[in-house]
Amino acid sequence: MLKIENKGDVRLAVADDIGRLYARYGLALSIGRVFGLLLASNQALSLDEIADALGISKSGASVAARDLERIGVVNRLGTPGSKRVVYEATDEMESTFSGTFARVNDSLQAMHRAESRLGAGKAKKRMREMVEVHEFWLRESNDMMERWRRRRHGR
């Protein structure tokens with residue numbers, strides 16, 4: 001079992017930075033901290049190790065790890081010959097953007113609905129601009145991710 005004893009451990013600083021970043025975007029601080037810890041760790045960690053390192057409850061670590069697994073940025077691994085489960089950050093970093101893309105797409109759908117309800121005028125023109133910028137962002141993002149995949153796979 002990995003022991004994280006050093007309070008100056010750089011992984012804790014990374015965990016705190018990413019936790020604050022995630023919280024700024026409306027996600028739970030604990031989710032960001034768990035993700036940051038796993039990103040900065042060279043090996044998979046158990047829920048006990050995550051909880052001990054971050055000073056959170058095991059159930060809090062479990063909820064965060066499950067949420068991160070569900071969105072595809074963390075992998076859950078079994079331990080051969082044991083019921084022990086460990087977690088590690090994925091090596092496929094493009095999945096970290098899937099939530100962002102989903103939120104932008106949800107915003108786009110809301111903007112489309114709003115635009116269709118508005119009568120002619122300044123508000124409708126503003127809403128059309130919002131639709132267009134969201135559509136542009138999604139198109140460019142898709143192209144960017146495709147370039148990333150080609151680069152990553154050496155094509």
# chains A, B, ... in the order shown; residues from 1 in each chain; ligands from 1
call {"tool": "residues_around", "arguments": {"residues": "Tyr22 of chain A", "least_positions_apart": "6", "cutoff": "7 Å", "atoms": "only C-alpha atoms", "output": "VMD selection string"}}
result
chain A and resid 28 to 29 32
call {"tool": "select_by_dssp", "arguments": {"residues": "chain A", "states": "alpha helix (DSSP H)", "output": "PyMOL selection string"}}
result
chain A and resi 10-24+29-40+47-54+58-70+98-117+122-152
call {"tool": "write_last_selection", "arguments": {"atoms": "C-alpha atoms", "output": "tab-separated table (two decimals), in the first residue's frame"}}
result
chain	number	residue	atom	x	y	z
A	10	VAL	CA	3.79	17.87	-5.15
A	11	ARG	CA	0.81	15.64	-5.92
A	12	LEU	CA	-1.17	17.35	-3.17
A	13	ALA	CA	-0.39	20.77	-4.62
A	14	VAL	CA	-1.53	19.52	-8.04
A	15	ALA	CA	-4.67	18.04	-6.47
A	16	ASP	CA	-5.49	21.32	-4.75
A	17	ASP	CA	-4.88	23.39	-7.91
A	18	ILE	CA	-7.08	21.17	-10.05
A	19	GLY	CA	-9.70	20.98	-7.31
A	20	ARG	CA	-9.96	24.78	-7.21
A	21	LEU	CA	-10.10	24.92	-11.00
A	22	TYR	CA	-12.94	22.38	-11.15
A	23	ALA	CA	-14.80	24.21	-8.37
A	24	ARG	CA	-14.55	27.46	-10.32
A	29	LEU	CA	-13.88	20.44	-5.21
A	30	SER	CA	-13.39	16.80	-4.18
A	31	ILE	CA	-13.81	15.59	-7.77
A	32	GLY	CA	-11.11	17.96	-8.97
A	33	ARG	CA	-8.80	17.07	-6.09
A	34	VAL	CA	-9.17	13.32	-6.68
A	35	PHE	CA	-8.57	13.79	-10.41
A	36	GLY	CA	-5.52	15.98	-9.73
A	37	LEU	CA	-4.06	13.43	-7.32
A	38	LEU	CA	-4.56	10.58	-9.81
A	39	LEU	CA	-3.12	12.66	-12.68
A	40	ALA	CA	-0.01	13.42	-10.63
A	47	LEU	CA	-9.79	4.57	-2.14
A	48	ASP	CA	-8.07	4.40	1.25
A	49	GLU	CA	-4.91	5.93	-0.22
A	50	ILE	CA	-6.90	8.66	-1.98
A	51	ALA	CA	-8.88	9.46	1.17
A	52	ASP	CA	-5.76	9.49	3.38
A	53	ALA	CA	-3.78	11.66	0.99
A	54	LEU	CA	-6.53	14.23	0.55
A	58	LYS	CA	-13.43	7.04	1.94
A	59	SER	CA	-17.04	7.45	0.81
A	60	GLY	CA	-16.21	10.92	-0.56
A	61	ALA	CA	-13.24	9.46	-2.42
A	62	SER	CA	-15.47	6.69	-3.75
A	63	VAL	CA	-18.14	9.07	-5.04
A	64	ALA	CA	-15.53	11.27	-6.72
A	65	ALA	CA	-13.71	8.28	-8.26
A	66	ARG	CA	-16.98	6.83	-9.59
A	67	ASP	CA	-17.97	10.18	-11.11
A	68	LEU	CA	-14.55	10.52	-12.75
A	69	GLU	CA	-14.78	6.95	-14.04
A	70	ARG	CA	-18.25	7.62	-15.46
A	98	SER	CA	-15.90	15.51	-23.41
A	99	GLY	CA	-17.73	17.20	-20.53
A	100	THR	CA	-16.84	20.61	-21.86
A	101	PHE	CA	-18.08	19.70	-25.34
A	102	ALA	CA	-21.32	18.34	-23.87
A	103	ARG	CA	-21.91	21.58	-21.90
A	104	VAL	CA	-21.28	23.73	-24.97
A	105	ASN	CA	-23.64	21.55	-27.00
A	106	ASP	CA	-26.31	21.82	-24.27
A	107	SER	CA	-25.85	25.60	-24.32
A	108	LEU	CA	-26.19	25.60	-28.10
A	109	GLN	CA	-29.49	23.71	-27.89
A	110	ALA	CA	-30.79	26.21	-25.30
A	111	MET	CA	-29.69	29.12	-27.52
A	112	HIS	CA	-31.48	27.58	-30.52
A	113	ARG	CA	-34.68	27.29	-28.48
A	114	ALA	CA	-34.33	30.85	-27.23
A	115	GLU	CA	-33.68	32.21	-30.72
A	116	SER	CA	-36.80	30.50	-32.11
A	117	ARG	CA	-38.96	32.09	-29.38
A	122	LYS	CA	-31.86	43.29	-31.01
A	123	ALA	CA	-32.38	40.35	-28.62
A	124	LYS	CA	-32.94	37.89	-31.46
A	125	LYS	CA	-29.84	39.22	-33.25
A	126	ARG	CA	-27.77	38.74	-30.06
A	127	MET	CA	-29.12	35.23	-29.64
A	128	ARG	CA	-28.26	34.40	-33.28
A	129	GLU	CA	-24.70	35.56	-32.55
A	130	MET	CA	-24.61	33.23	-29.50
A	131	VAL	CA	-25.80	30.32	-31.65
A	132	GLU	CA	-23.16	31.05	-34.27
A	133	VAL	CA	-20.30	31.33	-31.79
A	134	HIS	CA	-21.30	28.05	-30.12
A	135	GLU	CA	-21.55	26.30	-33.50
A	136	PHE	CA	-18.17	27.71	-34.49
A	137	TRP	CA	-16.62	26.59	-31.19
A	138	LEU	CA	-17.93	23.04	-31.59
A	139	ARG	CA	-16.79	22.79	-35.24
A	140	GLU	CA	-13.33	24.07	-34.42
A	141	SER	CA	-13.11	21.83	-31.35
A	142	ASN	CA	-14.00	18.75	-33.37
A	143	ASP	CA	-11.34	19.62	-35.94
A	144	MET	CA	-8.81	20.30	-33.18
A	145	MET	CA	-9.49	16.94	-31.51
A	146	GLU	CA	-9.14	15.13	-34.83
A	147	ARG	CA	-5.76	16.83	-35.37
A	148	TRP	CA	-4.78	15.81	-31.84
A	149	ARG	CA	-5.71	12.16	-32.50
A	150	ARG	CA	-3.65	12.12	-35.73
A	151	ARG	CA	-0.69	13.75	-33.96
A	152	ARG	CA	-0.92	11.38	-31.01
call {"tool": "closest_residue", "arguments": {"among": "A:Tyr87, A:Glu92, A:Gly121, A:Val73", "to": "His153 of chain A", "atoms": "only C-alpha atoms"}}
result
A:Glu92
call {"tool": "select_by_dssp", "arguments": {"residues": "chain A", "states": "strand (DSSP E)", "output": "number ranges by chain"}}
result
A: 45-46, 74-78, 85-89
call {"tool": "residues_around", "arguments": {"residues": "segment 80-86 of chain A", "least_positions_apart": "3", "cutoff": "9 Å", "atoms": "only C-alpha atoms", "output": "list in words"}}
result
Ala44, Leu45, Ser46, Leu47, Asn75, Arg76 and Leu77 of chain A
call {"tool": "atom_distance", "arguments": {"atom1": "atom CA of Tyr25 of chain A", "atom2": "atom CA of Gly72 of chain A"}}
result
18.2 Å
call {"tool": "atom_distance", "arguments": {"atom1": "atom CA of Ser57 of chain A", "atom2": "atom CA of Met93 of chain A"}}
result
27.1 Å
call {"tool": "decode", "arguments": {"residues": "segment 68-118 of chain A", "atoms": "C-alpha atoms", "output": "PDB file, in the first residue's frame"}}
result
ATOM      1  CA  LEU A  68     -14.553  10.517 -12.746  1.00  0.00           C
ATOM      2  CA  GLU A  69     -14.777   6.946 -14.035  1.00  0.00           C
ATOM      3  CA  ARG A  70     -18.252   7.622 -15.458  1.00  0.00           C
ATOM      4  CA  ILE A  71     -17.010  10.574 -17.504  1.00  0.00           C
ATOM      5  CA  GLY A  72     -14.031   8.578 -18.755  1.00  0.00           C
ATOM      6  CA  VAL A  73     -11.057  10.336 -17.182  1.00  0.00           C
ATOM      7  CA  VAL A  74     -10.284   7.690 -14.566  1.00  0.00           C
ATOM      8  CA  ASN A  75      -9.970   3.919 -14.891  1.00  0.00           C
ATOM      9  CA  ARG A  76     -10.944   1.473 -12.163  1.00  0.00           C
ATOM     10  CA  LEU A  77      -8.677  -1.542 -11.958  1.00  0.00           C
ATOM     11  CA  GLY A  78      -9.044  -4.772 -10.045  1.00  0.00           C
ATOM     12  CA  THR A  79      -6.156  -6.216  -8.100  1.00  0.00           C
ATOM     13  CA  PRO A  80      -5.396  -9.837  -9.060  1.00  0.00           C
ATOM     14  CA  GLY A  81      -6.279 -12.246  -6.256  1.00  0.00           C
ATOM     15  CA  SER A  82      -8.015  -9.547  -4.236  1.00  0.00           C
ATOM     16  CA  LYS A  83     -11.270  -7.598  -4.042  1.00  0.00           C
ATOM     17  CA  ARG A  84      -9.179  -4.447  -3.736  1.00  0.00           C
ATOM     18  CA  VAL A  85      -9.901  -1.834  -6.373  1.00  0.00           C
ATOM     19  CA  VAL A  86      -7.500   0.911  -7.432  1.00  0.00           C
ATOM     20  CA  TYR A  87      -7.954   3.955  -9.630  1.00  0.00           C
ATOM     21  CA  GLU A  88      -5.688   5.685 -12.113  1.00  0.00           C
ATOM     22  CA  ALA A  89      -6.067   8.632 -14.460  1.00  0.00           C
ATOM     23  CA  THR A  90      -6.593   7.654 -18.063  1.00  0.00           C
ATOM     24  CA  ASP A  91      -3.789   7.993 -20.570  1.00  0.00           C
ATOM     25  CA  GLU A  92      -6.354   9.188 -23.146  1.00  0.00           C
ATOM     26  CA  MET A  93      -6.446  12.849 -22.182  1.00  0.00           C
ATOM     27  CA  GLU A  94      -8.880  13.882 -24.896  1.00  0.00           C
ATOM     28  CA  SER A  95     -11.664  12.458 -22.721  1.00  0.00           C
ATOM     29  CA  THR A  96     -11.089  15.354 -20.319  1.00  0.00           C
ATOM     30  CA  PHE A  97     -12.762  17.596 -22.891  1.00  0.00           C
ATOM     31  CA  SER A  98     -15.901  15.506 -23.410  1.00  0.00           C
ATOM     32  CA  GLY A  99     -17.728  17.195 -20.525  1.00  0.00           C
ATOM     33  CA  THR A 100     -16.841  20.613 -21.860  1.00  0.00           C
ATOM     34  CA  PHE A 101     -18.079  19.698 -25.339  1.00  0.00           C
ATOM     35  CA  ALA A 102     -21.316  18.344 -23.866  1.00  0.00           C
ATOM     36  CA  ARG A 103     -21.908  21.575 -21.903  1.00  0.00           C
ATOM     37  CA  VAL A 104     -21.280  23.734 -24.974  1.00  0.00           C
ATOM     38  CA  ASN A 105     -23.636  21.551 -27.004  1.00  0.00           C
ATOM     39  CA  ASP A 106     -26.308  21.818 -24.272  1.00  0.00           C
ATOM     40  CA  SER A 107     -25.847  25.596 -24.316  1.00  0.00           C
ATOM     41  CA  LEU A 108     -26.187  25.598 -28.095  1.00  0.00           C
ATOM     42  CA  GLN A 109     -29.494  23.715 -27.885  1.00  0.00           C
ATOM     43  CA  ALA A 110     -30.789  26.213 -25.305  1.00  0.00           C
ATOM     44  CA  MET A 111     -29.686  29.118 -27.516  1.00  0.00           C
ATOM     45  CA  HIS A 112     -31.482  27.584 -30.524  1.00  0.00           C
ATOM     46  CA  ARG A 113     -34.682  27.291 -28.481  1.00  0.00           C
ATOM     47  CA  ALA A 114     -34.330  30.851 -27.228  1.00  0.00           C
ATOM     48  CA  GLU A 115     -33.679  32.211 -30.719  1.00  0.00           C
ATOM     49  CA  SER A 116     -36.796  30.502 -32.105  1.00  0.00           C
ATOM     50  CA  ARG A 117     -38.961  32.091 -29.378  1.00  0.00           C
ATOM     51  CA  LEU A 118     -37.728  35.643 -29.793  1.00  0.00           C
TER      52      LEU A 118
END
